[in-house]
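Undergrad: A single structure is presented below for examination.
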Amino acid sequence: MSGQKPVTPDAEGIAAAAKAAGKGRGLPPVHLWNPPFCGDLDIRIARDGSWHYLGTPFTRFELVKLFASILKLEDGKYYLVTPVEKVGITVEDAPFVAVDFEVAGQGRDQVITFTTSIGDTAAAGPDHMIRAERDPETGEPSPYVMIRAGLEALIDRKSFYRLAELGEHYEDWFGVWSGGKFFPLIPSAELDET
């Protein structure tokens with residue numbers, strides 16, 4: 001035995017460690033932290049972006065922001081990470097939801113800046129790609145934008161409809177331009193069929 005007392009992770013302990021580690025400006029440097037895995041916590045991020053602990057929705061926005069700041073994706077699994085511990089959580093779809101966007105410029109020169117439900121922003125472009133997946137059974141699109149370090153936001157329905165209004169056809173695809181890059185959303189031929 002190592003003489004260390006085993007620790008059972010809990011949300012309060014993770015929150016306290018995150019608060020201590022996150023002092024200062026900006027996001028904590030979770031990409032530099034590689035603590036030991038301490039187990040899974042019953043924290044779930046639902047498809048609508050709501051956070052739940054032990055089946056109960058989080059009611060404190062500040063706590064959601066704090067946990068979101070220490071969220072990390074490794075090998076397809078999501079973790080809350082502090083300098084001393086790493087716990088697994090469940091993410092139903094994407095960890096964030098893009099609830100709005102602003103557009104600067106027009107056409108190929110435009111920049112689309114998305115805002116998530118927790119206040120993060122990302123200007124779509126080479127570092128913040130937009131992609132769309134389609135449900136194989138219904139054909140319904142699910143659009144995403146990269147927010148940071150492999151963490152995406154599902155673009156909500158109202159924003160996706162607004163995004164489609166900015167769309168144009170380019171090389172057999174219907175999509176949008178942002179940050180000098182074209183993001184294909186649907187094949188033009190499929191759009192013409194509907």
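Letters A, B, ... go to the chains of the structure tokens in the order shown; residues in each chain start at 1; ligands are counted from 1 in the same order.
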Excluding same-chain residues fewer than 5 positions from stretch 47-63 of chain A, what lies within 9 Å of it counting only C-alpha atoms, as a PDB file with N, CA, C and O atoms, in the first residue's frame?

TA:
```pdb
ATOM      1  N   ALA A  11     -18.796  15.951  -6.528  1.00  0.00           N
ATOM      2  CA  ALA A  11     -18.939  17.217  -7.261  1.00  0.00           C
ATOM      3  C   ALA A  11     -18.422  18.404  -6.453  1.00  0.00           C
ATOM      4  O   ALA A  11     -17.793  19.304  -7.005  1.00  0.00           O
ATOM      5  N   ALA A  15     -15.463  20.860  -7.618  1.00  0.00           N
ATOM      6  CA  ALA A  15     -15.746  22.297  -7.735  1.00  0.00           C
ATOM      7  C   ALA A  15     -14.734  23.119  -6.944  1.00  0.00           C
ATOM      8  O   ALA A  15     -14.231  24.136  -7.422  1.00  0.00           O
ATOM      9  N   LEU A  41     -18.114  10.279 -12.187  1.00  0.00           N
ATOM     10  CA  LEU A  41     -19.121  10.964 -11.384  1.00  0.00           C
ATOM     11  C   LEU A  41     -20.442  10.885 -12.136  1.00  0.00           C
ATOM     12  O   LEU A  41     -20.460  10.899 -13.372  1.00  0.00           O
ATOM     13  N   ASP A  42     -21.533  10.866 -11.415  1.00  0.00           N
ATOM     14  CA  ASP A  42     -22.852  10.853 -12.048  1.00  0.00           C
ATOM     15  C   ASP A  42     -23.236  12.277 -12.451  1.00  0.00           C
ATOM     16  O   ASP A  42     -24.181  12.868 -11.928  1.00  0.00           O
ATOM     17  N   ALA A  68     -17.675  23.652 -16.762  1.00  0.00           N
ATOM     18  CA  ALA A  68     -17.393  23.719 -18.199  1.00  0.00           C
ATOM     19  C   ALA A  68     -15.969  24.192 -18.458  1.00  0.00           C
ATOM     20  O   ALA A  68     -15.345  23.787 -19.441  1.00  0.00           O
ATOM     21  N   VAL A  91     -21.667  12.756 -21.594  1.00  0.00           N
ATOM     22  CA  VAL A  91     -22.136  13.824 -22.474  1.00  0.00           C
ATOM     23  C   VAL A  91     -22.998  13.157 -23.543  1.00  0.00           C
ATOM     24  O   VAL A  91     -22.524  12.313 -24.292  1.00  0.00           O
ATOM     25  N   GLU A  92     -24.286  13.511 -23.575  1.00  0.00           N
ATOM     26  CA  GLU A  92     -25.221  12.857 -24.490  1.00  0.00           C
ATOM     27  C   GLU A  92     -24.919  13.143 -25.959  1.00  0.00           C
ATOM     28  O   GLU A  92     -25.095  12.277 -26.801  1.00  0.00           O
ATOM     29  N   ASP A  93     -24.521  14.376 -26.269  1.00  0.00           N
ATOM     30  CA  ASP A  93     -24.246  14.736 -27.667  1.00  0.00           C
ATOM     31  C   ASP A  93     -22.978  15.573 -27.702  1.00  0.00           C
ATOM     32  O   ASP A  93     -21.891  15.049 -27.802  1.00  0.00           O
ATOM     33  N   ALA A  94     -23.116  16.873 -27.611  1.00  0.00           N
ATOM     34  CA  ALA A  94     -21.978  17.791 -27.541  1.00  0.00           C
ATOM     35  C   ALA A  94     -22.016  18.453 -26.167  1.00  0.00           C
ATOM     36  O   ALA A  94     -23.087  18.621 -25.590  1.00  0.00           O
ATOM     37  N   PRO A  95     -20.864  18.848 -25.641  1.00  0.00           N
ATOM     38  CA  PRO A  95     -20.870  19.431 -24.301  1.00  0.00           C
ATOM     39  C   PRO A  95     -21.466  20.836 -24.227  1.00  0.00           C
ATOM     40  O   PRO A  95     -21.854  21.283 -23.156  1.00  0.00           O
ATOM     41  N   PHE A  96     -21.556  21.518 -25.358  1.00  0.00           N
ATOM     42  CA  PHE A  96     -22.093  22.878 -25.372  1.00  0.00           C
ATOM     43  C   PHE A  96     -23.218  22.985 -26.396  1.00  0.00           C
ATOM     44  O   PHE A  96     -23.340  22.150 -27.290  1.00  0.00           O
ATOM     45  N   VAL A  97     -23.990  24.067 -26.277  1.00  0.00           N
ATOM     46  CA  VAL A  97     -25.019  24.391 -27.257  1.00  0.00           C
ATOM     47  C   VAL A  97     -24.792  25.829 -27.704  1.00  0.00           C
ATOM     48  O   VAL A  97     -24.697  26.733 -26.865  1.00  0.00           O
ATOM     49  N   SER A 117     -24.509  28.682 -24.684  1.00  0.00           N
ATOM     50  CA  SER A 117     -25.420  28.957 -23.567  1.00  0.00           C
ATOM     51  C   SER A 117     -24.675  29.339 -22.294  1.00  0.00           C
ATOM     52  O   SER A 117     -25.278  29.895 -21.376  1.00  0.00           O
ATOM     53  N   ILE A 118     -23.371  29.057 -22.223  1.00  0.00           N
ATOM     54  CA  ILE A 118     -22.608  29.465 -21.035  1.00  0.00           C
ATOM     55  C   ILE A 118     -21.734  30.691 -21.294  1.00  0.00           C
ATOM     56  O   ILE A 118     -20.937  31.079 -20.450  1.00  0.00           O
ATOM     57  N   ALA A 153     -20.011  22.540 -29.898  1.00  0.00           N
ATOM     58  CA  ALA A 153     -21.349  22.989 -29.509  1.00  0.00           C
ATOM     59  C   ALA A 153     -22.328  22.561 -30.594  1.00  0.00           C
ATOM     60  O   ALA A 153     -22.057  22.742 -31.788  1.00  0.00           O
ATOM     61  N   LEU A 154     -23.428  21.981 -30.179  1.00  0.00           N
ATOM     62  CA  LEU A 154     -24.538  21.720 -31.081  1.00  0.00           C
ATOM     63  C   LEU A 154     -25.187  23.066 -31.379  1.00  0.00           C
ATOM     64  O   LEU A 154     -25.483  23.825 -30.456  1.00  0.00           O
ATOM     65  N   ASP A 156     -28.133  25.295 -32.047  1.00  0.00           N
ATOM     66  CA  ASP A 156     -29.562  25.116 -31.803  1.00  0.00           C
ATOM     67  C   ASP A 156     -30.369  25.396 -33.070  1.00  0.00           C
ATOM     68  O   ASP A 156     -29.879  25.971 -34.042  1.00  0.00           O
TER      69      ASP A 156
END
```

Undergrad: Would you tabulate, counting only C-alpha atoms, all residues of stretch 51-88 of chain A that have an atom at most 10 Å from an atom of stretch 142-152 of chain A, showing the closest pair of atoms and their distance in Å to one decimal, sorted by chain then ascending number, as a Markdown table?

TA:
```
| residue | atom | partner | partner_atom | distance |
| --- | --- | --- | --- | --- |
| A:Leu71 | CA | A:Leu151 | CA | 8.4 |
| A:Lys72 | CA | A:Leu151 | CA | 7.6 |
| A:Leu73 | CA | A:Gly150 | CA | 6.4 |
| A:Glu74 | CA | A:Gly150 | CA | 8.8 |
| A:Gly76 | CA | A:Gly150 | CA | 9.5 |
| A:Tyr78 | CA | A:Leu151 | CA | 9.2 |
```

Undergrad: Give me a file of those residues, with C-alpha atoms, as a PDB file, in the first residue's frame.

TA:
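And here's result03.pdb as it stands now:
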```pdb
ATOM      1  CA  LEU A  71     -13.967  20.006 -19.210  1.00  0.00           C
ATOM      2  CA  LYS A  72     -11.551  17.957 -21.291  1.00  0.00           C
ATOM      3  CA  LEU A  73     -11.947  15.427 -24.109  1.00  0.00           C
ATOM      4  CA  GLU A  74      -9.477  12.539 -24.185  1.00  0.00           C
ATOM      5  CA  GLY A  76     -13.458  10.124 -27.091  1.00  0.00           C
ATOM      6  CA  TYR A  78     -15.214  13.532 -21.405  1.00  0.00           C
TER       7      TYR A  78
END
```

Undergrad: What is the distance between atom CA of A:Phe160 and atom CA of A:Ala189, in Å to one decimal?

TA: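 Value for the atom CA of A:Phe160-atom CA of A:Ala189 distance: 19.6 Å.
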
Undergrad: Hey, can you check how far atom CA of A:Asp172 sits from atom CA of A:Leu185?

TA: 10.8 Å

Undergrad: From the options A:Leu32, A:Ala124, A:Ala46, A:Gly39, which residue's atoms come nearest to A:Ile112, counting only C-alpha atoms?

TA: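 Of all the options, A:Ala124 lies closest to A:Ile112.
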
Undergrad: Residues of stretch 55-117 of chain A classed as helix (DSSP H, G or I) by DSSP on the backbone are to be reported as a ChimeraX atom specification.

TA: /A:61-69,107-109

Undergrad: Store the residues picked out above, limited to all heavy atoms, as a tab-separated table (two decimals), in the first residue's frame.

TA:
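Heads up, here's the output in out09.tsv:
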```tsv
chain	number	residue	atom	x	y	z
A	61	PHE	N	-25.93	28.66	-12.33
A	61	PHE	CA	-25.22	28.91	-13.58
A	61	PHE	C	-23.71	29.01	-13.36
A	61	PHE	O	-22.92	28.52	-14.17
A	61	PHE	CB	-25.76	30.19	-14.24
A	61	PHE	CG	-25.06	30.54	-15.52
A	61	PHE	CD1	-25.26	29.79	-16.67
A	61	PHE	CD2	-24.19	31.62	-15.57
A	61	PHE	CE1	-24.61	30.11	-17.85
A	61	PHE	CE2	-23.53	31.95	-16.75
A	61	PHE	CZ	-23.75	31.19	-17.89
A	62	GLU	N	-23.31	29.62	-12.25
A	62	GLU	CA	-21.88	29.79	-11.96
A	62	GLU	C	-21.18	28.43	-11.83
A	62	GLU	O	-20.03	28.28	-12.24
A	62	GLU	CB	-21.67	30.60	-10.67
A	62	GLU	CG	-22.20	32.01	-10.72
A	62	GLU	CD	-23.72	32.10	-10.51
A	62	GLU	OE1	-24.33	31.12	-10.01
A	62	GLU	OE2	-24.30	33.12	-10.88
A	63	LEU	N	-21.87	27.43	-11.28
A	63	LEU	CA	-21.30	26.10	-11.13
A	63	LEU	C	-21.15	25.43	-12.50
A	63	LEU	O	-20.14	24.78	-12.77
A	63	LEU	CB	-22.15	25.25	-10.19
A	63	LEU	CG	-21.56	23.94	-9.72
A	63	LEU	CD1	-20.21	24.14	-9.02
A	63	LEU	CD2	-22.52	23.22	-8.78
A	64	VAL	N	-22.14	25.59	-13.36
A	64	VAL	CA	-22.04	25.05	-14.72
A	64	VAL	C	-20.85	25.67	-15.44
A	64	VAL	O	-20.05	24.97	-16.07
A	64	VAL	CB	-23.35	25.28	-15.51
A	64	VAL	CG1	-23.17	24.94	-16.98
A	64	VAL	CG2	-24.49	24.46	-14.90
A	65	LYS	N	-20.70	27.00	-15.34
A	65	LYS	CA	-19.56	27.69	-15.98
A	65	LYS	C	-18.23	27.17	-15.42
A	65	LYS	O	-17.29	26.96	-16.17
A	65	LYS	CB	-19.66	29.20	-15.77
A	65	LYS	CG	-20.43	29.90	-16.85
A	65	LYS	CD	-20.30	31.40	-16.76
A	65	LYS	CE	-19.05	31.95	-17.31
A	65	LYS	NZ	-18.91	32.05	-18.73
A	66	LEU	N	-18.18	26.98	-14.12
A	66	LEU	CA	-16.96	26.48	-13.50
A	66	LEU	C	-16.61	25.10	-14.02
A	66	LEU	O	-15.48	24.84	-14.45
A	66	LEU	CB	-17.12	26.46	-11.97
A	66	LEU	CG	-15.94	25.91	-11.19
A	66	LEU	CD1	-14.71	26.81	-11.35
A	66	LEU	CD2	-16.31	25.76	-9.72
A	67	PHE	N	-17.57	24.18	-14.00
A	67	PHE	CA	-17.31	22.82	-14.49
A	67	PHE	C	-16.98	22.83	-15.98
A	67	PHE	O	-16.10	22.09	-16.43
A	67	PHE	CB	-18.49	21.90	-14.20
A	67	PHE	CG	-18.55	21.40	-12.79
A	67	PHE	CD1	-19.75	21.06	-12.21
A	67	PHE	CD2	-17.40	21.25	-12.02
A	67	PHE	CE1	-19.81	20.58	-10.91
A	67	PHE	CE2	-17.44	20.77	-10.72
A	67	PHE	CZ	-18.67	20.44	-10.16
A	68	ALA	N	-17.68	23.65	-16.76
A	68	ALA	CA	-17.39	23.72	-18.20
A	68	ALA	C	-15.97	24.19	-18.46
A	68	ALA	O	-15.34	23.79	-19.44
A	68	ALA	CB	-18.40	24.64	-18.89
A	69	SER	N	-15.43	25.00	-17.55
A	69	SER	CA	-14.07	25.52	-17.75
A	69	SER	C	-13.00	24.46	-17.53
A	69	SER	O	-11.87	24.62	-17.97
A	69	SER	CB	-13.81	26.71	-16.82
A	69	SER	OG	-13.63	26.29	-15.47
A	107	GLY	N	-20.81	37.44	-47.56
A	107	GLY	CA	-20.32	36.47	-48.52
A	107	GLY	C	-19.07	35.75	-48.04
A	107	GLY	O	-18.97	35.34	-46.89
A	108	ARG	N	-18.09	35.64	-48.94
A	108	ARG	CA	-16.86	34.91	-48.61
A	108	ARG	C	-16.00	35.61	-47.56
A	108	ARG	O	-15.11	35.01	-46.99
A	108	ARG	CB	-16.04	34.68	-49.87
A	108	ARG	CG	-16.72	33.71	-50.82
A	108	ARG	CD	-15.88	33.45	-52.04
A	108	ARG	NE	-16.60	32.53	-52.91
A	108	ARG	CZ	-16.04	31.76	-53.78
A	108	ARG	NH1	-14.74	31.79	-53.96
A	108	ARG	NH2	-16.76	30.96	-54.53
A	109	ASP	N	-16.26	36.88	-47.34
A	109	ASP	CA	-15.48	37.65	-46.36
A	109	ASP	C	-16.12	37.68	-44.98
A	109	ASP	O	-15.56	38.26	-44.05
A	109	ASP	CB	-15.27	39.08	-46.86
A	109	ASP	CG	-14.46	39.13	-48.14
A	109	ASP	OD1	-13.55	38.29	-48.29
A	109	ASP	OD2	-14.75	39.98	-48.99
```

Undergrad: Which one is closest to A:Gly167: A:Ile155, A:Pro29, A:Gln110, A:Ala104? Count only C-alpha atoms.

TA: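 Going through A:Ile155, A:Pro29, A:Gln110, A:Ala104 one by one, the smallest distance to A:Gly167 is for A:Gln110.
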
Undergrad: What's the separation between atom CA of A:Arg162 and atom CA of A:Asp100, in Å to one decimal place?

TA: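 Result for atom CA of A:Arg162 versus atom CA of A:Asp100: 9.2 Å, one decimal.
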
Undergrad: Can you list, as a ChimeraX atom specification, every protein, DNA or RNA residue that comes within 8 Å of A:Ile70 when you count only C-alpha atoms, leaving out same-chain residues fewer than 6 positions away?

TA: /A:18,27-28,30,80-82

Undergrad: Write out the residues from the selection above, keeping N, CA and C atoms, as a short mmCIF file (atom, residue, chain, number, x, y, z; two decimals), in the first residue's frame.

TA:
```cif
data_model
loop_
_atom_site.label_atom_id
_atom_site.label_comp_id
_atom_site.auth_asym_id
_atom_site.auth_seq_id
_atom_site.Cartn_x
_atom_site.Cartn_y
_atom_site.Cartn_z
N ALA A 18 -11.42 23.00 -8.75
CA ALA A 18 -11.49 23.79 -9.98
C ALA A 18 -11.42 25.28 -9.67
N LEU A 27 -9.43 30.70 -19.21
CA LEU A 27 -9.71 29.32 -18.87
C LEU A 27 -8.50 28.66 -18.21
N PRO A 28 -8.75 27.73 -17.29
CA PRO A 28 -7.63 27.00 -16.70
C PRO A 28 -6.91 26.18 -17.77
N VAL A 30 -6.27 23.19 -18.75
CA VAL A 30 -6.54 21.76 -18.59
C VAL A 30 -5.70 20.91 -19.54
N LEU A 80 -13.86 15.90 -16.22
CA LEU A 80 -13.60 17.13 -15.48
C LEU A 80 -12.22 16.94 -14.89
N VAL A 81 -11.34 17.92 -15.12
CA VAL A 81 -9.94 17.77 -14.76
C VAL A 81 -9.49 18.95 -13.89
N THR A 82 -8.80 18.61 -12.81
CA THR A 82 -8.12 19.60 -11.99
C THR A 82 -6.65 19.20 -11.97
#
```

Undergrad: Between A:Leu166, A:Tyr161, A:Ile43, A:Ala132, which has the minimum distance to A:Ile186 (counting only C-alpha atoms)?

TA: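 For A:Ile186, the nearest of the given residues is A:Ala132.
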
Undergrad: Of the candidates A:Phe101, A:Phe114, A:Phe37, A:Phe183, which shows the shortest atom-to-atom distance to A:Val84, using only C-alpha atoms?

TA: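 Checking each of A:Phe101, A:Phe114, A:Phe37, A:Phe183 against A:Val84, counting only C-alpha atoms, the winner is A:Phe37.
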